[in-house]
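Raw protein_3.cif, mmCIF, C-alpha atoms:
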data_coords
loop_
_atom_site.label_atom_id
_atom_site.label_comp_id
_atom_site.auth_asym_id
_atom_site.auth_seq_id
_atom_site.Cartn_x
_atom_site.Cartn_y
_atom_site.Cartn_z
CA MET A 181 0.00 0.00 0.00
CA ILE A 182 1.32 3.44 -0.93
CA VAL A 183 1.08 6.05 1.78
CA ALA A 184 0.74 9.72 0.82
CA PRO A 185 3.45 12.04 2.21
CA TRP A 186 0.91 14.06 4.21
CA GLU A 187 -0.37 10.87 5.86
CA GLU A 188 3.14 9.96 6.93
CA ALA A 189 3.67 13.49 8.28
CA MET A 190 0.36 13.33 10.13
CA ARG A 191 1.25 9.99 11.69
CA PHE A 192 4.58 11.42 12.75
CA SER A 193 2.92 14.49 14.29
CA ILE A 194 0.43 12.32 16.16
CA ALA A 195 3.23 10.12 17.47
CA LEU A 196 5.16 13.25 18.47
CA VAL A 197 2.15 14.67 20.34
CA ALA A 198 1.67 11.35 22.13
CA LEU A 199 5.33 11.30 23.07
CA ILE A 200 5.20 14.86 24.40
CA VAL A 201 2.07 14.09 26.43
CA ALA A 202 3.77 11.05 27.98
CA ALA A 203 7.31 12.45 28.25
CA ALA A 204 7.56 14.60 31.38
CA THR A 205 9.17 12.53 34.09
CA THR A 206 10.50 15.08 36.55
CA ALA A 207 8.39 16.04 39.53
CA GLU A 208 8.58 19.72 38.55
CA ALA A 209 7.40 19.04 35.00
CA GLN A 210 4.61 16.81 36.22
CA ALA A 211 3.46 19.43 38.72
CA THR A 212 3.48 22.14 36.03
CA GLN A 213 1.45 19.98 33.65
CA SER A 214 -0.84 18.50 36.27
CA ALA A 215 -4.58 19.00 36.35
CA ASN A 216 -4.02 20.57 39.75
CA THR A 217 -2.13 23.44 38.09
CA ILE A 218 -3.95 23.84 34.76
CA MET A 219 -7.49 23.56 36.15
CA ARG A 220 -7.01 27.05 37.62
CA GLY A 221 -6.99 28.40 34.06
CA CYS A 222 -9.87 26.18 32.96
CA ARG A 223 -12.00 27.39 35.85
CA SER A 224 -11.20 30.97 34.85
CA LEU A 225 -12.47 30.25 31.33
CA VAL A 226 -15.78 28.80 32.47
CA SER A 227 -16.46 31.49 35.06
CA ASP A 228 -18.43 34.57 34.10
CA SER A 229 -15.72 36.94 35.32
CA THR A 230 -12.88 38.61 33.46
CA ILE A 231 -9.44 37.04 33.75
CA ASP A 232 -7.23 39.74 35.27
CA ASP A 233 -4.40 37.66 36.71
CA PRO A 234 -1.55 36.97 34.22
CA THR A 235 -1.00 33.47 35.61
CA ASP A 236 -4.68 32.62 35.25
CA SER A 237 -4.59 33.99 31.71
CA PHE A 238 -1.54 31.86 30.86
CA LEU A 239 -3.10 28.73 32.37
CA ALA A 240 -6.38 29.46 30.55
CA GLY A 241 -4.43 29.44 27.29
CA ILE A 242 -2.83 26.11 28.16
CA CYS A 243 -6.24 24.68 29.06
CA ALA A 244 -7.98 25.83 25.87
CA GLY A 245 -4.97 25.03 23.69
CA THR A 246 -4.64 21.50 25.04
CA ILE A 247 -8.32 20.73 24.54
CA ASP A 248 -8.41 22.32 21.09
CA GLY A 249 -5.24 20.44 20.13
CA LEU A 250 -6.74 17.12 21.18
CA ALA A 251 -9.91 17.88 19.20
CA TYR A 252 -7.87 18.89 16.14
CA GLU A 253 -5.79 15.71 16.21
CA ALA A 254 -8.95 13.59 16.51
CA SER A 255 -10.50 15.36 13.52
CA MET A 256 -7.33 14.82 11.46
CA LEU A 257 -7.34 11.12 12.28
CA LYS A 258 -10.89 10.87 10.94
CA LEU A 259 -9.79 12.45 7.65
CA SER A 260 -6.94 10.01 7.12
CA SER A 261 -7.56 7.60 4.27
CA ALA A 262 -5.56 4.92 6.10
CA PRO A 263 -6.35 5.46 9.79
CA ALA A 264 -4.30 3.73 12.44
CA PRO A 265 -6.02 1.09 14.58
CA HIS A 266 -8.21 2.73 17.24
CA ALA A 267 -7.62 6.10 15.56
CA GLU A 268 -11.08 7.46 16.31
CA VAL A 269 -10.76 7.87 20.04
CA PHE A 270 -13.55 10.45 20.24
CA CYS A 271 -15.88 12.21 17.83
CA ILE A 272 -16.93 15.73 18.83
CA PRO A 273 -19.92 16.97 16.80
CA LYS A 274 -18.93 19.79 14.43
CA GLU A 275 -21.32 22.28 16.05
CA THR A 276 -19.72 21.83 19.50
CA LYS A 277 -17.87 24.98 20.60
CA ILE A 278 -14.63 25.06 22.58
CA ASP A 279 -16.34 26.48 25.68
CA GLN A 280 -18.58 23.41 25.85
CA GLN A 281 -15.55 21.14 25.46
CA ILE A 282 -13.80 22.99 28.30
CA ARG A 283 -16.88 22.63 30.54
CA VAL A 284 -16.95 18.87 29.84
CA VAL A 285 -13.27 18.56 30.79
CA VAL A 286 -13.69 20.67 33.94
CA LYS A 287 -16.70 18.62 35.07
CA TYR A 288 -14.87 15.34 34.42
CA ILE A 289 -11.72 16.34 36.30
CA GLU A 290 -13.55 17.96 39.21
CA ALA A 291 -15.50 14.71 39.68
CA ARG A 292 -12.15 12.94 40.21
CA PRO A 293 -10.22 15.01 42.79
CA GLU A 294 -8.00 12.03 43.59
CA ARG A 295 -6.54 12.28 40.06
CA MET A 296 -5.69 16.01 40.14
CA HIS A 297 -1.97 15.19 40.39
CA GLU A 298 -2.10 13.49 36.97
CA ARG A 299 -1.30 15.19 33.67
CA PHE A 300 -4.03 17.53 32.52
CA ALA A 301 -3.75 16.41 28.88
CA LEU A 302 -4.43 12.78 29.78
CA LEU A 303 -7.47 13.61 31.91
CA ALA A 304 -8.77 15.98 29.21
CA LEU A 305 -8.43 13.20 26.64
CA LEU A 306 -10.33 10.78 28.88
CA ALA A 307 -13.07 13.39 29.41
CA LEU A 308 -13.50 13.91 25.67
CA ILE A 309 -13.56 10.16 25.01
CA GLU A 310 -16.25 9.69 27.65
CA ALA A 311 -18.34 12.64 26.47
CA TRP A 312 -18.15 11.99 22.74
CA PRO A 313 -17.35 8.36 21.93
CA CYS A 314 -17.30 7.47 18.25
CA LYS A 315 -20.22 5.38 17.14
CA SER A 316 -19.07 2.42 15.09
#
As structure tokens, please, write out the structure in this file.
Amino acid sequence: MIVAPWEEAMRFSIALVALIVAAATTAEAQATQSANTIMRGCRSLVSDSTIDDPTDSFLAGICAGTIDGLAYEASMLKLSSAPAPHAEVFCIPKETKIDQQIRVVVKYIEARPERMHERFALLALLALIEAWPCKS
């Protein structure tokens, strides 16, 4: 089977994202990327108040960017003509806005306070899978 160059590049980028998500091994890196840290920014995004604190603003960007990045990668996997096994991990409806996705992630993580020390990206991925599983 011949694989198009863009498909190979996409597979590489997906593998790279997965590696980055799994890579941090130091306690400092894990603390910085933990749900405990990043949820502060997520909560700022779903509140009705203005984000005035620079740290909250930075963490809000990490929160939204992580969730949007996960959604983008999932949508790219669906477009692949030769998807990898288990490529469709979640299927967010096209009309779903980022604020709804953030609320889903916040609700999922807040329901699991014992997991707040874990990486935010992993918990966000699990939240999106649970909320929008692909129908086979």
For this session: Give the answer as one residue: which of A:Pro234, A:Phe270, A:Met219, A:Leu239 has the shortest atom-to-atom distance to Glu253 of chain A, using all atoms listed in the file?
Result: A:Phe270
For this session: May I have the residues within 10 Å of Pro273 of chain A as a list in words, using all atoms listed in the file and disregarding those fewer than 3 positions away in the same chain?
Result: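 Residues near the query, excluding close chain neighbours: Phe270, Thr276, Lys277, Trp312 and Cys314 of chain A.
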Taking C-alpha atoms for each residue, export the selection above as a tab-separated table (two decimals), in the frame of the given file.
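Output below, filename result-v5.tsv:
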chain	number	residue	atom	x	y	z
A	270	PHE	CA	-13.55	10.45	20.24
A	276	THR	CA	-19.72	21.83	19.50
A	277	LYS	CA	-17.87	24.98	20.60
A	312	TRP	CA	-18.15	11.99	22.74
A	314	CYS	CA	-17.30	7.47	18.25
For this session: May I have the residues within 9 Å of Ile272 of chain A as a PyMOL selection string, using only C-alpha atoms and disregarding those fewer than 2 positions away in the same chain?
Result: chain A and resi 251+254-255+270+274-276+281+308-309+311-314
For this session: I need the residue set behind the PyMOL selection byres ((chain A and resi 236) around 10) for this file; please write it as a count of residues only.
Result: 20
For this session: Please provide as a PyMOL selection string all residues within 12 Å of Leu305 of chain A, with the sequence filter that same-chain residues fewer than 5 positions apart are discarded (counting all atoms listed in the file).
Result: chain A and resi 198+201+215+243+246-254+269-272+281-282+284-286+288-289+299-300+310-313
For this session: Carefully work through the PyMOL selection byres ((chain A and resi 294-296) around 6) for this structure and note down the residues it includes, as a ChimeraX atom specification.
Result: /A:215-216,292-293,297-298
Problem set entry | Shortest interatomic distance to Gln213 of chain A - which of A:Ala301, A:Ala307, A:Lys287, A:Lys315, counting all atoms listed in the file | A:Ala301
For this session: Enter the distance from atom CA of Leu303 of chain A to atom CA of Arg283 of chain A, in Å, rounded to one decimal.
Result: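 The value is 13.1 Å.
A straight line drawn from atom CA of Asp279 of chain A to atom CA of Ala244 of chain A is 8.4 Å long.
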